[in-house]
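What follows is a set of notes on a single structure, which appears directly below.
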Amino acid sequence: MSSIKIPDGLPDIVAARFQEAKESGDLLAFDSTAAVLDVNGIPTFLSQTDPLAADDLEAVYALLSAYRSAGQRLFGFFNSGPHSGASQPHRHVQFLPVESMREGLGEGEWDLLADGLAEKQAKIPFTYFAAPIKGNHSPEKLHETYLALHKMARYAMDTFEKRAGTDGGGEEMSYNLAFTDSSMIILPRRAEGMAFPTGLEDPKETGVVALNGTVPGGHAAG
């Protein structure tokens, strides 16, 4: 049984507190989705490259479940390593309301990509490993699932580097970890993004597009 107590109506509580913080000036929110929080003192954080712990995963799935129970959904993701698209060095898991991910997509049909990845191998242009999360998993079981996915991703990365004759240089594996209320997905990463060629002599490239853990959600917030 989870030791985390989630209050009833959590989505409404979060929305109200967010609005209060904006109005009081404690939180500055920008259209770019970046946020600056004014805190007293500098807390100590764990590194974003450290493995997640059982209590981290317990908190993640307690939050996902609470939103689902309230008739809403969240998509969570964790970026780890220099090629993952991580924006901060301290450990943090990010969440997006699924409905907000649909905004601006027009009338075309869009579904959360991660929902179908745990049940069957999808034909998508990147390597991933997924596991279904059904029922109330214990923190220990969630952690076992995470470690198993991490091991498979590490093996895939080592195998690729061996066949390609490359060496990772001993650095920690970069990866994105995605969470829904019914699945956990890991994507090993070798690069944060790619440059798009113009086909011209000058300039040769239009720029670099960097991607993070929103990719398994079927979104491209780089």
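Letters A, B, ... mark the chains of the structure tokens in the order given; residue numbers begin at 1 per chain; ligand numbers begin at 1, in order shown.
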Those in chain A with helix (DSSP H, G or I) from DSSP, as a ChimeraX atom specification: /A:10-24,54-69,98-102,114-117,139-164,215-217
I'd like the neighbourhood of region 110-122 of chain A as a PyMOL selection string, where a residue qualifies if any of its atoms comes within 6 Å (using only C-alpha atoms), though same-chain residues fewer than 6 positions away should be ignored. chain A and resi 130-132+216-218
Considering only strand (DSSP E) as DSSP defines it on the backbone, what residues of region 6-209 of chain A qualify? List them as number ranges by chain. A: 27-29, 35-37, 74-80, 94-97, 129-132, 174-180, 183-189, 193-197, 205-209
Next, the residues of the selection above should be written as a PDB file, in the first residue's frame with C-alpha atoms.
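Wrote again_35.pdb, looks like this:
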ATOM      1  CA  LEU A  27       6.010  32.305  -9.439  1.00  0.00           C
ATOM      2  CA  LEU A  28       6.846  33.809 -12.812  1.00  0.00           C
ATOM      3  CA  ALA A  29       5.388  31.793 -15.697  1.00  0.00           C
ATOM      4  CA  ALA A  35       9.044  28.904 -14.760  1.00  0.00           C
ATOM      5  CA  VAL A  36      11.176  30.703 -12.165  1.00  0.00           C
ATOM      6  CA  LEU A  37      10.457  30.041  -8.503  1.00  0.00           C
ATOM      7  CA  LEU A  74      -0.814  13.465 -16.997  1.00  0.00           C
ATOM      8  CA  PHE A  75       2.170  12.408 -19.083  1.00  0.00           C
ATOM      9  CA  GLY A  76       5.408  12.265 -17.094  1.00  0.00           C
ATOM     10  CA  PHE A  77       8.995  12.129 -18.291  1.00  0.00           C
ATOM     11  CA  PHE A  78      12.501  12.016 -16.868  1.00  0.00           C
ATOM     12  CA  ASN A  79      15.570  13.095 -18.867  1.00  0.00           C
ATOM     13  CA  SER A  80      18.886  11.633 -17.725  1.00  0.00           C
ATOM     14  CA  GLN A  94       8.278  16.690 -15.409  1.00  0.00           C
ATOM     15  CA  PHE A  95       4.559  16.366 -16.107  1.00  0.00           C
ATOM     16  CA  LEU A  96       2.299  17.622 -18.877  1.00  0.00           C
ATOM     17  CA  PRO A  97      -1.510  17.566 -18.828  1.00  0.00           C
ATOM     18  CA  PHE A 129      11.574  -0.697 -24.230  1.00  0.00           C
ATOM     19  CA  ALA A 130       8.236  -0.610 -22.433  1.00  0.00           C
ATOM     20  CA  ALA A 131       6.379  -2.339 -19.635  1.00  0.00           C
ATOM     21  CA  PRO A 132       2.678  -2.196 -18.717  1.00  0.00           C
ATOM     22  CA  SER A 174      21.660   8.942 -21.594  1.00  0.00           C
ATOM     23  CA  TYR A 175      17.984   8.047 -21.718  1.00  0.00           C
ATOM     24  CA  ASN A 176      14.439   9.326 -21.522  1.00  0.00           C
ATOM     25  CA  LEU A 177      11.985   7.612 -19.194  1.00  0.00           C
ATOM     26  CA  ALA A 178       8.281   8.167 -19.843  1.00  0.00           C
ATOM     27  CA  PHE A 179       5.353   7.505 -17.522  1.00  0.00           C
ATOM     28  CA  THR A 180       1.626   7.108 -18.040  1.00  0.00           C
ATOM     29  CA  SER A 183       2.950   2.132 -18.711  1.00  0.00           C
ATOM     30  CA  MET A 184       6.647   2.898 -18.259  1.00  0.00           C
ATOM     31  CA  ILE A 185       8.876   3.422 -21.318  1.00  0.00           C
ATOM     32  CA  ILE A 186      12.618   3.969 -21.719  1.00  0.00           C
ATOM     33  CA  LEU A 187      14.454   5.375 -24.758  1.00  0.00           C
ATOM     34  CA  PRO A 188      18.267   5.071 -24.818  1.00  0.00           C
ATOM     35  CA  ARG A 189      19.816   8.186 -26.368  1.00  0.00           C
ATOM     36  CA  GLY A 193      19.195  16.075 -31.601  1.00  0.00           C
ATOM     37  CA  MET A 194      20.218  16.415 -35.204  1.00  0.00           C
ATOM     38  CA  ALA A 195      20.986  19.050 -37.799  1.00  0.00           C
ATOM     39  CA  PHE A 196      18.773  19.418 -40.860  1.00  0.00           C
ATOM     40  CA  PRO A 197      20.669  19.838 -44.162  1.00  0.00           C
ATOM     41  CA  GLU A 205      22.365  23.303 -42.274  1.00  0.00           C
ATOM     42  CA  THR A 206      19.206  25.054 -41.160  1.00  0.00           C
ATOM     43  CA  GLY A 207      20.004  24.458 -37.494  1.00  0.00           C
ATOM     44  CA  VAL A 208      19.791  21.761 -34.854  1.00  0.00           C
ATOM     45  CA  VAL A 209      16.584  20.357 -33.375  1.00  0.00           C
TER      46      VAL A 209
END
CA of Tyr61 (chain A) and CA of Val215 (chain A), how far apart in Å?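 Separating CA of Val215 (chain A) from CA of Tyr61 (chain A) is a distance of 19.6 Å.
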Rank nothing, just name the residue among A:Glu99, A:Asp26, A:Glu58, A:Glu201 nearest to Tyr146 (chain A), using only C-alpha atoms.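 Among the listed residues, A:Glu58 lies closest to Tyr146 (chain A).
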As an exercise, work out the distance from CA of Phe126 (chain A) to CA of Ala164 (chain A) in Å and give it to one decimal place.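 Pair CA of Phe126 (chain A) / CA of Ala164 (chain A) returns 16.7 Å.
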Pick from A:Asp50, A:Met152, A:Ile6, A:Pro11, whichever lies nearest to Gly81 (chain A) using only C-alpha atoms: A:Asp50
